[in-house]
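Quick look at my_file18.cif (mmCIF, C-alpha atoms):
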```cif
data_structure
loop_
_atom_site.label_atom_id
_atom_site.label_comp_id
_atom_site.auth_asym_id
_atom_site.auth_seq_id
_atom_site.Cartn_x
_atom_site.Cartn_y
_atom_site.Cartn_z
CA MET A 215 -38.50 59.07 74.78
CA THR A 216 -37.30 62.66 74.61
CA HIS A 217 -34.22 63.41 76.69
CA GLY A 218 -33.32 66.68 78.38
CA SER A 219 -34.61 68.36 81.50
CA LEU A 220 -37.94 67.26 82.95
CA GLY A 221 -39.20 70.83 83.07
CA LYS A 222 -38.91 71.12 79.28
CA ARG A 223 -40.75 67.89 78.48
CA ARG A 224 -44.28 68.70 77.33
CA ASP A 225 -45.77 65.33 78.38
CA PHE A 226 -44.33 65.79 81.87
CA ARG A 227 -45.68 69.33 82.19
CA ALA A 228 -49.13 68.35 80.89
CA LEU A 229 -49.37 65.64 83.56
CA PHE A 230 -48.53 67.91 86.50
CA ASP A 231 -50.50 70.93 85.32
CA HIS A 232 -53.69 68.95 85.97
CA LEU A 233 -52.97 68.12 89.63
CA ASP A 234 -54.84 70.24 92.18
CA GLY A 235 -53.20 70.97 95.52
CA VAL A 236 -49.82 69.83 94.16
CA ALA A 237 -47.17 72.14 92.73
CA LEU A 238 -44.12 70.82 90.91
CA TRP A 239 -41.07 72.85 89.99
CA THR A 240 -37.73 72.24 88.29
CA ALA A 241 -34.54 74.28 88.32
CA THR A 242 -31.28 73.84 86.41
CA GLN A 243 -29.69 77.01 87.83
CA PRO A 244 -29.74 78.00 91.54
CA GLY A 245 -32.41 80.63 92.19
CA GLU A 246 -34.06 80.19 88.76
CA PHE A 247 -37.10 78.05 88.01
CA ASP A 248 -37.37 76.42 84.59
CA TYR A 249 -40.89 75.21 85.22
CA ILE A 250 -43.59 75.65 87.87
CA SER A 251 -46.83 73.68 87.47
CA ALA A 252 -50.27 75.30 87.40
CA GLY A 253 -51.07 73.76 90.83
CA PHE A 254 -48.78 76.39 92.39
CA GLU A 255 -51.55 78.97 92.24
CA ASP A 256 -53.94 76.62 94.12
CA ILE A 257 -51.56 76.64 97.08
CA TRP A 258 -49.86 80.04 96.98
CA GLY A 259 -52.75 82.10 95.60
CA ILE A 260 -50.48 83.78 93.05
CA PRO A 261 -49.73 82.82 89.41
CA PRO A 262 -46.51 80.78 88.95
CA GLN A 263 -45.20 83.31 86.40
CA GLU A 264 -44.81 85.94 89.14
CA ILE A 265 -42.46 83.64 91.06
CA LYS A 266 -40.50 82.67 87.95
CA ASP A 267 -39.85 86.34 87.29
CA ASP A 268 -38.81 87.07 90.89
CA VAL A 269 -37.71 84.09 93.02
CA SER A 270 -37.38 86.27 96.15
CA LEU A 271 -41.20 86.44 96.20
CA LEU A 272 -41.26 82.71 96.96
CA ILE A 273 -39.11 83.12 100.08
CA ASP A 274 -41.12 86.20 101.10
CA SER A 275 -44.33 84.15 100.95
CA ILE A 276 -43.06 81.70 103.61
CA HIS A 277 -44.21 82.30 107.18
CA PRO A 278 -41.49 84.29 109.05
CA GLU A 279 -41.02 81.50 111.63
CA ASP A 280 -40.32 78.94 108.86
CA ARG A 281 -38.48 81.15 106.37
CA ASP A 282 -34.85 80.52 107.40
CA ARG A 283 -35.38 76.75 107.63
CA VAL A 284 -37.05 76.57 104.20
CA ARG A 285 -34.32 78.73 102.62
CA GLU A 286 -31.66 76.44 104.11
CA ASN A 287 -33.38 73.33 102.70
CA ILE A 288 -33.74 74.86 99.22
CA GLU A 289 -30.06 75.85 99.16
CA ALA A 290 -28.97 72.41 100.43
CA ALA A 291 -30.90 70.74 97.62
CA ALA A 292 -29.29 73.05 95.05
CA ARG A 293 -25.86 71.96 96.35
CA GLY A 294 -26.96 68.33 96.29
CA THR A 295 -26.13 67.90 99.99
CA ARG A 296 -29.67 67.07 101.09
CA ASP A 297 -32.57 65.21 99.46
CA GLU A 298 -35.37 65.22 101.99
CA ALA A 299 -38.88 66.36 102.79
CA TYR A 300 -39.63 69.41 104.89
CA GLU A 301 -42.74 71.31 105.97
CA GLY A 302 -43.41 75.04 106.03
CA ARG A 303 -46.28 77.51 106.12
CA VAL A 304 -47.19 79.66 103.12
CA VAL A 305 -48.92 82.99 103.74
CA ARG A 306 -51.20 83.76 100.81
CA PRO A 307 -51.89 87.34 99.61
CA ASP A 308 -55.29 87.26 101.39
CA GLY A 309 -53.53 86.45 104.70
CA SER A 310 -54.67 82.82 104.89
CA VAL A 311 -52.05 80.22 105.81
CA ARG A 312 -51.44 76.88 104.06
CA TRP A 313 -49.18 74.09 105.33
CA VAL A 314 -46.96 72.73 102.54
CA LEU A 315 -44.86 69.57 102.44
CA THR A 316 -41.95 69.87 99.98
CA ARG A 317 -39.95 66.94 98.66
CA GLN A 318 -36.97 67.85 96.50
CA VAL A 319 -34.45 65.69 94.67
CA ALA A 320 -31.23 66.59 92.87
CA LEU A 321 -30.87 64.79 89.52
CA ARG A 322 -27.28 64.20 88.40
CA ASP A 323 -25.70 63.81 84.97
CA GLU A 324 -23.28 61.08 83.84
CA ASP A 325 -20.37 62.92 85.51
CA GLY A 326 -22.16 63.02 88.86
CA GLU A 327 -22.79 66.77 88.60
CA ILE A 328 -26.19 68.21 89.51
CA ALA A 329 -28.12 68.70 86.28
CA GLU A 330 -31.52 69.60 87.72
CA VAL A 331 -33.38 69.93 91.01
CA VAL A 332 -36.98 68.74 91.08
CA GLY A 333 -39.40 69.68 93.86
CA ILE A 334 -42.96 68.58 94.64
CA CYS A 335 -45.02 70.75 96.99
CA THR A 336 -48.19 69.23 98.48
CA ASP A 337 -50.86 71.13 100.40
CA ILE A 338 -51.17 69.29 103.76
CA THR A 339 -53.25 71.95 105.57
CA GLU A 340 -56.18 69.59 106.19
CA GLN A 341 -53.86 66.85 107.47
CA ARG A 342 -52.18 69.28 109.88
CA GLY A 343 -55.60 70.43 111.06
CA ARG A 344 -56.63 66.85 111.81
CA GLU A 345 -53.37 66.28 113.70
CA GLN A 346 -53.99 69.37 115.84
CA GLU A 347 -57.54 68.19 116.59
CA LEU A 348 -56.17 64.77 117.58
CA GLU A 349 -53.60 66.39 119.86
CA LEU A 350 -56.35 68.48 121.49
CA LEU A 351 -58.45 65.35 122.01
CA ASN A 352 -55.35 63.65 123.41
CA ARG A 353 -54.91 66.39 126.00
CA ILE A 354 -58.58 66.13 127.03
CA VAL A 355 -58.34 62.35 127.40
CA ARG A 356 -54.99 62.36 129.16
CA HIS A 357 -55.55 65.36 131.41
CA ASP A 358 -59.25 65.96 132.09
CA ILE A 359 -60.61 62.40 131.98
CA ARG A 360 -57.61 60.89 133.80
CA ASN A 361 -57.76 63.52 136.54
CA ASP A 362 -61.50 63.06 137.06
CA MET A 363 -61.13 59.27 137.17
CA ALA A 364 -58.33 59.58 139.72
CA VAL A 365 -60.72 61.56 141.94
CA VAL A 366 -63.48 58.95 141.42
CA LEU A 367 -61.09 56.12 142.32
CA GLY A 368 -59.98 57.98 145.44
CA TRP A 369 -63.55 58.47 146.68
CA MET A 370 -64.43 54.83 145.93
CA GLU A 371 -61.47 53.59 147.94
CA MET A 372 -62.73 55.74 150.86
CA LEU A 373 -66.01 53.80 150.66
CA GLU A 374 -64.33 50.43 151.27
CA ASP A 375 -64.79 50.71 155.05
CA HIS A 376 -68.41 51.82 154.73
CA VAL A 377 -70.08 49.08 152.68
CA ASP A 378 -71.39 45.71 153.81
CA ALA A 379 -70.35 42.34 152.34
CA GLU A 380 -72.93 42.54 149.54
CA GLY A 381 -71.93 46.10 148.64
CA GLU A 382 -68.24 45.15 148.64
CA GLU A 383 -68.70 43.00 145.54
CA TYR A 384 -70.33 45.87 143.62
CA LEU A 385 -67.66 48.29 144.79
CA ARG A 386 -64.92 45.98 143.47
CA LYS A 387 -66.65 45.85 140.07
CA ILE A 388 -66.96 49.64 139.96
CA LEU A 389 -63.27 50.01 140.91
CA ALA A 390 -62.24 47.55 138.19
CA SER A 391 -64.28 49.46 135.58
CA ALA A 392 -62.83 52.80 136.69
CA GLU A 393 -59.29 51.43 136.47
CA HIS A 394 -60.11 50.14 132.98
CA VAL A 395 -61.16 53.67 131.96
CA VAL A 396 -57.78 54.98 133.15
CA GLU A 397 -56.08 52.21 131.14
CA LEU A 398 -58.06 53.24 128.05
CA THR A 399 -56.80 56.82 128.39
CA GLU A 400 -53.26 55.40 128.11
CA VAL A 401 -54.17 53.43 124.96
CA ALA A 402 -55.88 56.48 123.42
CA HIS A 403 -52.80 58.62 124.15
CA ASP A 404 -50.47 56.06 122.58
CA TYR A 405 -52.76 55.70 119.56
CA VAL A 406 -52.74 59.46 118.92
CA GLU A 407 -48.94 59.53 119.24
CA ALA A 408 -48.69 56.75 116.63
CA VAL A 409 -51.16 58.42 114.23
CA VAL A 410 -49.62 61.89 114.46
CA SER A 411 -46.11 60.50 113.88
CA ASN A 412 -47.54 59.10 110.59
CA GLY A 413 -44.90 56.38 110.41
CA ASP A 414 -42.11 58.94 110.70
CA ILE A 415 -40.71 57.88 114.08
CA ALA A 416 -37.15 57.98 115.35
CA VAL A 417 -36.29 54.31 115.86
CA GLU A 418 -33.46 53.74 118.36
CA PRO A 419 -31.92 50.81 120.27
CA VAL A 420 -34.20 49.82 123.17
CA SER A 421 -33.48 47.16 125.82
CA LEU A 422 -36.03 44.36 125.35
CA ARG A 423 -35.42 42.94 128.84
CA SER A 424 -35.93 46.29 130.58
CA VAL A 425 -39.21 47.12 128.80
CA LEU A 426 -40.73 43.64 128.96
CA THR A 427 -39.75 43.06 132.62
CA THR A 428 -41.25 46.41 133.65
CA GLU A 429 -44.52 45.74 131.83
CA LEU A 430 -44.82 42.23 133.28
CA SER A 431 -44.36 43.65 136.78
CA LEU A 432 -47.03 46.31 136.21
CA ARG A 433 -49.50 43.79 134.75
CA GLU A 434 -49.02 41.52 137.79
CA GLU A 435 -50.08 44.42 139.99
CA SER A 436 -53.07 45.24 137.76
CA PHE A 437 -54.30 41.64 137.48
CA PRO A 438 -53.68 39.84 140.80
CA GLN A 439 -56.05 37.03 139.71
CA ALA A 440 -53.83 36.17 136.72
CA GLU A 441 -50.57 34.23 136.66
CA PHE A 442 -47.71 35.54 134.53
CA VAL A 443 -44.91 33.06 133.79
CA VAL A 444 -41.64 33.74 131.95
CA GLU A 445 -40.30 30.61 130.28
CA GLY A 446 -36.49 30.64 130.33
CA SER A 447 -35.13 34.17 130.51
CA ILE A 448 -35.61 37.44 128.67
CA PRO A 449 -32.43 38.04 126.62
CA GLU A 450 -30.46 41.25 127.19
CA VAL A 451 -30.61 42.48 123.58
CA ALA A 452 -31.39 45.80 121.94
CA VAL A 453 -34.25 46.02 119.45
CA ALA A 454 -35.25 48.71 116.95
CA ALA A 455 -38.10 50.62 118.66
CA ASP A 456 -38.84 53.77 120.64
CA SER A 457 -40.38 54.72 124.00
CA MET A 458 -43.74 53.31 122.91
CA LEU A 459 -42.48 49.70 122.82
CA SER A 460 -43.91 49.40 126.35
CA SER A 461 -47.35 50.09 124.85
CA VAL A 462 -46.96 47.08 122.53
CA PHE A 463 -46.39 44.67 125.42
CA ARG A 464 -48.87 46.40 127.73
CA ASN A 465 -51.68 45.93 125.20
CA LEU A 466 -50.77 42.32 124.39
CA LEU A 467 -50.50 41.33 128.07
CA ASN A 468 -53.75 43.15 128.89
CA ASN A 469 -55.45 41.42 125.98
CA ALA A 470 -54.30 37.99 127.21
CA VAL A 471 -56.11 38.60 130.53
CA GLN A 472 -59.08 40.80 129.59
CA HIS A 473 -60.27 38.50 126.79
CA ASN A 474 -59.69 35.38 128.87
CA ASP A 475 -62.69 33.28 129.93
CA LYS A 476 -60.88 31.38 132.71
CA ASP A 477 -61.23 32.19 136.42
CA ALA A 478 -57.43 32.02 136.68
CA PRO A 479 -55.91 33.43 133.47
CA LEU A 480 -52.46 32.06 132.68
CA VAL A 481 -50.09 34.12 130.54
CA GLU A 482 -46.79 32.56 129.44
CA VAL A 483 -44.06 34.75 127.93
CA SER A 484 -41.05 33.39 126.05
CA CYS A 485 -38.31 35.02 123.94
CA GLU A 486 -35.89 33.77 121.31
CA ALA A 487 -32.97 35.94 120.20
CA ARG A 488 -31.73 35.19 116.67
CA ASP A 489 -28.99 36.74 114.54
CA ASP A 490 -31.13 39.52 113.04
CA ASP A 491 -34.24 39.64 115.18
CA VAL A 492 -35.95 38.67 118.43
CA GLU A 493 -39.21 36.75 118.70
CA VAL A 494 -41.43 37.38 121.74
CA ARG A 495 -44.34 34.97 122.30
CA ILE A 496 -47.23 35.85 124.63
CA ALA A 497 -49.46 32.82 125.14
CA ASP A 498 -52.76 32.66 127.04
CA ASN A 499 -55.23 29.95 128.09
CA GLY A 500 -58.32 31.86 126.92
CA PRO A 501 -60.85 30.94 124.21
CA GLY A 502 -58.40 31.47 121.35
CA ILE A 503 -59.00 33.19 118.01
CA PRO A 504 -60.62 31.40 115.03
CA ASP A 505 -58.54 31.15 111.83
CA ASP A 506 -60.87 33.50 109.91
CA LYS A 507 -60.31 36.21 112.57
CA LYS A 508 -56.53 35.92 112.93
CA ASP A 509 -55.78 38.73 110.46
CA ILE A 510 -58.66 41.10 111.15
CA VAL A 511 -58.02 40.96 114.90
CA PHE A 512 -55.36 43.64 114.23
CA GLY A 513 -57.69 45.69 112.05
CA LYS A 514 -55.90 44.63 108.83
CA GLY A 515 -59.16 43.94 107.01
CA GLU A 516 -60.39 47.51 107.39
CA ARG A 517 -57.78 49.86 108.78
CA GLY A 518 -58.73 52.20 111.56
CA LEU A 519 -61.08 52.50 114.49
CA GLY A 520 -64.00 50.93 112.59
CA SER A 521 -62.08 47.72 111.95
CA PRO A 522 -63.59 44.44 113.18
CA GLY A 523 -60.76 43.66 115.62
CA THR A 524 -60.90 43.38 119.39
CA GLY A 525 -60.40 47.11 119.81
CA ILE A 526 -57.97 49.97 119.44
CA GLY A 527 -55.25 48.23 121.50
CA LEU A 528 -54.36 45.53 118.95
CA TYR A 529 -54.59 48.01 116.07
CA LEU A 530 -52.07 50.15 117.93
CA VAL A 531 -49.79 47.12 118.47
CA GLU A 532 -49.74 46.32 114.75
CA THR A 533 -49.18 49.98 113.82
CA LEU A 534 -46.21 50.39 116.17
CA VAL A 535 -44.54 47.05 115.35
CA SER A 536 -44.79 47.84 111.61
CA GLN A 537 -43.19 51.24 112.21
CA TYR A 538 -40.31 49.47 113.96
CA GLY A 539 -39.78 47.27 110.88
CA GLY A 540 -41.11 44.18 112.68
CA ARG A 541 -44.11 41.83 112.40
CA VAL A 542 -46.88 40.63 114.70
CA TRP A 543 -49.25 37.72 114.20
CA VAL A 544 -51.39 35.29 116.17
CA GLU A 545 -51.22 31.48 116.43
CA ASP A 546 -53.18 28.80 118.28
CA ASN A 547 -52.09 27.74 121.76
CA GLU A 548 -52.44 24.15 123.03
CA PRO A 549 -54.79 22.90 124.32
CA THR A 550 -56.65 26.21 124.15
CA GLY A 551 -55.92 29.90 123.83
CA ALA A 552 -53.95 32.21 121.56
CA VAL A 553 -50.28 33.04 121.11
CA PHE A 554 -49.41 36.57 119.99
CA VAL A 555 -45.98 36.60 118.35
CA VAL A 556 -43.95 39.81 118.00
CA GLU A 557 -40.83 39.83 115.80
CA LEU A 558 -38.56 42.86 116.25
CA PRO A 559 -35.29 43.69 114.42
CA ARG A 560 -32.12 43.51 116.54
CA VAL A 561 -29.72 46.44 116.60
CA GLU A 562 -26.30 47.00 118.14
#
```
Would you kindly transcribe this structure into structure tokens?
Amino acid sequence: MTHGSLGKRRDFRALFDHLDGVALWTATQPGEFDYISAGFEDIWGIPPQEIKDDVSLLIDSIHPEDRDRVRENIEAAARGTRDEAYEGRVVRPDGSVRWVLTRQVALRDEDGEIAEVVGICTDITEQRGREQELELLNRIVRHDIRNDMAVVLGWMEMLEDHVDAEGEEYLRKILASAEHVVELTEVAHDYVEAVVSNGDIAVEPVSLRSVLTTELSLREESFPQAEFVVEGSIPEVAVAADSMLSSVFRNLLNNAVQHNDKDAPLVEVSCEARDDDVEVRIADNGPGIPDDKKDIVFGKGERGLGSPGTGIGLYLVETLVSQYGGRVWVEDNEPTGAVFVVELPRVE
């Protein structure tokens, strides 16, 4: 294998010159590019040679709101003080805007000195567009639908004194369905948050007892016909998570009741704190889940909304727990039912 800088290796350059929507560059001197791949023109709309001849044109092409931040990241990489990814908007000569994700790495020689900086720029305009559409949908679901359902619920509660015994049963069913719609708006909101974060979430220490106790209390109010039992106590430990940990337990507790075929659903919660992690078990007395469905119930077989699971809630649970560095799976309960097991890393 030929040694020397990556930008001067012909096999390396030939590989990257054939990638559309991806630009790769190398620099051995600050402010000077040794190599810029042909994909640069796909993104920037100008030939790479123009930038090689005048590096200031690259900075000038960045959207004014992103320019200082991008310049700071480029300079930090040249000093070797920061190897990370960052996003910025490129304004092409025709005025169109492209979102670009840049990952740059400083390569060091045997003495630990920076020998070369390598950057990969990827056009993520379509991805950003999808995220913005999701966020718009999220606002519609959370704001418009929730508000309208709150009005519907209010009017239905006013009807309680105006229906006879037969009508009361139908009114209760309508109220339950309306409350379920409100619950779904919460799940949809949490799902969008998880998708838009794209696995890049800020994990922090979260009190397991606080979150789980709060969710249990709320579920007891939502499902007065169900019995929720905590075996032993919930340990006062911190786990690696974020504010959406409540959504994990809300969906699992809801699932234990909503997919239960008993007149009096029983949900038993137990926790075990170990040296490195905490195991939370949520057991129900429902119909259980057959062995051949235990994996796909989370949507693992076919990721996404079209997966053959029990709905978006469990897919969201698996997505969030994975982002926290944990695991979730399902076991059989005795004599009947399912046990959803969540394993979360402990932190100080």
Taking the file as shown, what set of residues would the PyMOL selection byres ((chain A and resi 319) around 6) give back, as a list in words?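 Taken on the displayed file, the PyMOL selection byres ((chain A and resi 319) around 6) yields the residues Asp297, Gln318, Ala320, Val331 and Val332 of chain A.
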Excluding same-chain residues fewer than 6 positions from Val401 in chain A, what lies within 10 Å of it counting only C-alpha atoms, as a JSON list (two decimals) with C-alpha atoms, in the coordinates of the input?
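around-v6.json written:
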```json
[["chain", "number", "residue", "atom", "x", "y", "z"],
["A", 356, "ARG", "CA", -54.99, 62.36, 129.16],
["A", 395, "VAL", "CA", -61.16, 53.67, 131.96],
["A", 407, "GLU", "CA", -48.94, 59.53, 119.24],
["A", 461, "SER", "CA", -47.35, 50.09, 124.85],
["A", 462, "VAL", "CA", -46.96, 47.08, 122.53],
["A", 464, "ARG", "CA", -48.87, 46.40, 127.73],
["A", 465, "ASN", "CA", -51.68, 45.93, 125.20],
["A", 526, "ILE", "CA", -57.97, 49.97, 119.44],
["A", 527, "GLY", "CA", -55.25, 48.23, 121.50],
["A", 528, "LEU", "CA", -54.36, 45.53, 118.95],
["A", 530, "LEU", "CA", -52.07, 50.15, 117.93]]
```
With all atoms listed in the file as the basis for distance, which of A:Asn474, A:Asn352, A:Ser536, A:Gln346 is at the shortest distance from Glu400 in chain A? A:Asn352
Decode the PyMOL selection byres ((chain A and resi 489) around 10) for the given file into explicit residues and return them as a short mmCIF file (atom, residue, chain, number, x, y, z; two decimals) with C-alpha atoms, keeping the file's coordinate frame.
```
data_model
loop_
_atom_site.label_atom_id
_atom_site.label_comp_id
_atom_site.auth_asym_id
_atom_site.auth_seq_id
_atom_site.Cartn_x
_atom_site.Cartn_y
_atom_site.Cartn_z
CA ALA A 487 -32.97 35.94 120.20
CA ARG A 488 -31.73 35.19 116.67
CA ASP A 490 -31.13 39.52 113.04
CA ASP A 491 -34.24 39.64 115.18
CA VAL A 492 -35.95 38.67 118.43
CA PRO A 559 -35.29 43.69 114.42
CA ARG A 560 -32.12 43.51 116.54
CA VAL A 561 -29.72 46.44 116.60
#
```
Shell of 12 Å around Gly368 in chain A, only C-alpha atoms, local chain residues under 5 positions omitted, as a list in words: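 Selected residues are Asn361, Asp362, Met363, Leu373, Glu374, Leu389, Ala392 and Glu393 of chain A.
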Taking the file as I've supplied it (selection: the PyMOL selection byres ((chain A and resi 254-263) around 12)), which residues are included? Please answer as an mmCIF file with C-alpha atoms, keeping the file's coordinate frame.
```cif
data_model
loop_
_atom_site.group_PDB
_atom_site.id
_atom_site.type_symbol
_atom_site.label_atom_id
_atom_site.label_comp_id
_atom_site.auth_asym_id
_atom_site.auth_seq_id
_atom_site.Cartn_x
_atom_site.Cartn_y
_atom_site.Cartn_z
ATOM 1 C CA PHE A 230 -48.530 67.910 86.500
ATOM 2 C CA ASP A 231 -50.500 70.930 85.320
ATOM 3 C CA HIS A 232 -53.690 68.950 85.970
ATOM 4 C CA LEU A 233 -52.970 68.120 89.630
ATOM 5 C CA ASP A 234 -54.840 70.240 92.180
ATOM 6 C CA GLY A 235 -53.200 70.970 95.520
ATOM 7 C CA VAL A 236 -49.820 69.830 94.160
ATOM 8 C CA ALA A 237 -47.170 72.140 92.730
ATOM 9 C CA LEU A 238 -44.120 70.820 90.910
ATOM 10 C CA TRP A 239 -41.070 72.850 89.990
ATOM 11 C CA GLU A 246 -34.060 80.190 88.760
ATOM 12 C CA PHE A 247 -37.100 78.050 88.010
ATOM 13 C CA ASP A 248 -37.370 76.420 84.590
ATOM 14 C CA TYR A 249 -40.890 75.210 85.220
ATOM 15 C CA ILE A 250 -43.590 75.650 87.870
ATOM 16 C CA SER A 251 -46.830 73.680 87.470
ATOM 17 C CA ALA A 252 -50.270 75.300 87.400
ATOM 18 C CA GLY A 253 -51.070 73.760 90.830
ATOM 19 C CA GLU A 264 -44.810 85.940 89.140
ATOM 20 C CA ILE A 265 -42.460 83.640 91.060
ATOM 21 C CA LYS A 266 -40.500 82.670 87.950
ATOM 22 C CA ASP A 267 -39.850 86.340 87.290
ATOM 23 C CA ASP A 268 -38.810 87.070 90.890
ATOM 24 C CA VAL A 269 -37.710 84.090 93.020
ATOM 25 C CA LEU A 271 -41.200 86.440 96.200
ATOM 26 C CA LEU A 272 -41.260 82.710 96.960
ATOM 27 C CA ILE A 273 -39.110 83.120 100.080
ATOM 28 C CA ASP A 274 -41.120 86.200 101.100
ATOM 29 C CA SER A 275 -44.330 84.150 100.950
ATOM 30 C CA ILE A 276 -43.060 81.700 103.610
ATOM 31 C CA HIS A 277 -44.210 82.300 107.180
ATOM 32 C CA ARG A 303 -46.280 77.510 106.120
ATOM 33 C CA VAL A 304 -47.190 79.660 103.120
ATOM 34 C CA VAL A 305 -48.920 82.990 103.740
ATOM 35 C CA ARG A 306 -51.200 83.760 100.810
ATOM 36 C CA PRO A 307 -51.890 87.340 99.610
ATOM 37 C CA ASP A 308 -55.290 87.260 101.390
ATOM 38 C CA GLY A 309 -53.530 86.450 104.700
ATOM 39 C CA SER A 310 -54.670 82.820 104.890
ATOM 40 C CA VAL A 311 -52.050 80.220 105.810
ATOM 41 C CA ARG A 312 -51.440 76.880 104.060
ATOM 42 C CA TRP A 313 -49.180 74.090 105.330
ATOM 43 C CA VAL A 314 -46.960 72.730 102.540
ATOM 44 C CA LEU A 315 -44.860 69.570 102.440
ATOM 45 C CA GLY A 333 -39.400 69.680 93.860
ATOM 46 C CA ILE A 334 -42.960 68.580 94.640
ATOM 47 C CA CYS A 335 -45.020 70.750 96.990
ATOM 48 C CA THR A 336 -48.190 69.230 98.480
ATOM 49 C CA ASP A 337 -50.860 71.130 100.400
ATOM 50 C CA ILE A 338 -51.170 69.290 103.760
ATOM 51 C CA THR A 339 -53.250 71.950 105.570
#
```
For each of A:His357, A:Thr242, A:Glu279, A:Glu545, take the minimum atom-to-atom distance to Arg322 in chain A, counting only C-alpha atoms, then give the residue where this is smallest. A:Thr242
Between CA of Val535 in chain A and CA of Ala552 in chain A - distance in Å to one decimal: 18.6 Å
Looking at A:Val366, A:Val531, A:Ile503, A:Val494, which one is nearest to Val556 in chain A, with distances taken over all atoms listed in the file? A:Val494
Ranking A:Leu459, A:Val284, A:Ala440, A:Ile359 by minimum distance to Ala299 in chain A and counting all atoms listed in the file, which one comes first?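 Residue with the minimum atom-to-atom distance to Ala299 in chain A: A:Val284.
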Interatomic distance between CA of Val481 in chain A and CA of Phe442 in chain A?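 Spanning CA of Val481 in chain A to CA of Phe442 in chain A is a straight-line distance of 4.9 Å.
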Neighbourhood query: residues within 9 Å of (-55.2, 58.3, 122.7), file coordinates, counting all atoms listed in the file; return as a list in words. Leu348, Glu349, Leu351, Asn352, Arg353, Val355, Arg356, Leu398, Thr399, Glu400, Val401, Ala402, His403, Asp404, Tyr405, Val406 and Glu407 of chain A
Residue among A:Glu482, A:Lys507, A:Ala455, A:Gly551 lying closest to Gly539 in chain A, counting all atoms listed in the file: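 The closest residue to Gly539 in chain A is A:Ala455.
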Counting all atoms listed in the file, which residue out of A:Ala329, A:Ile448, A:Ala390, A:Val417 sits closest to Leu534 in chain A?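 Of A:Ala329, A:Ile448, A:Ala390, A:Val417, the one nearest Leu534 in chain A is A:Val417, counting all atoms listed in the file.
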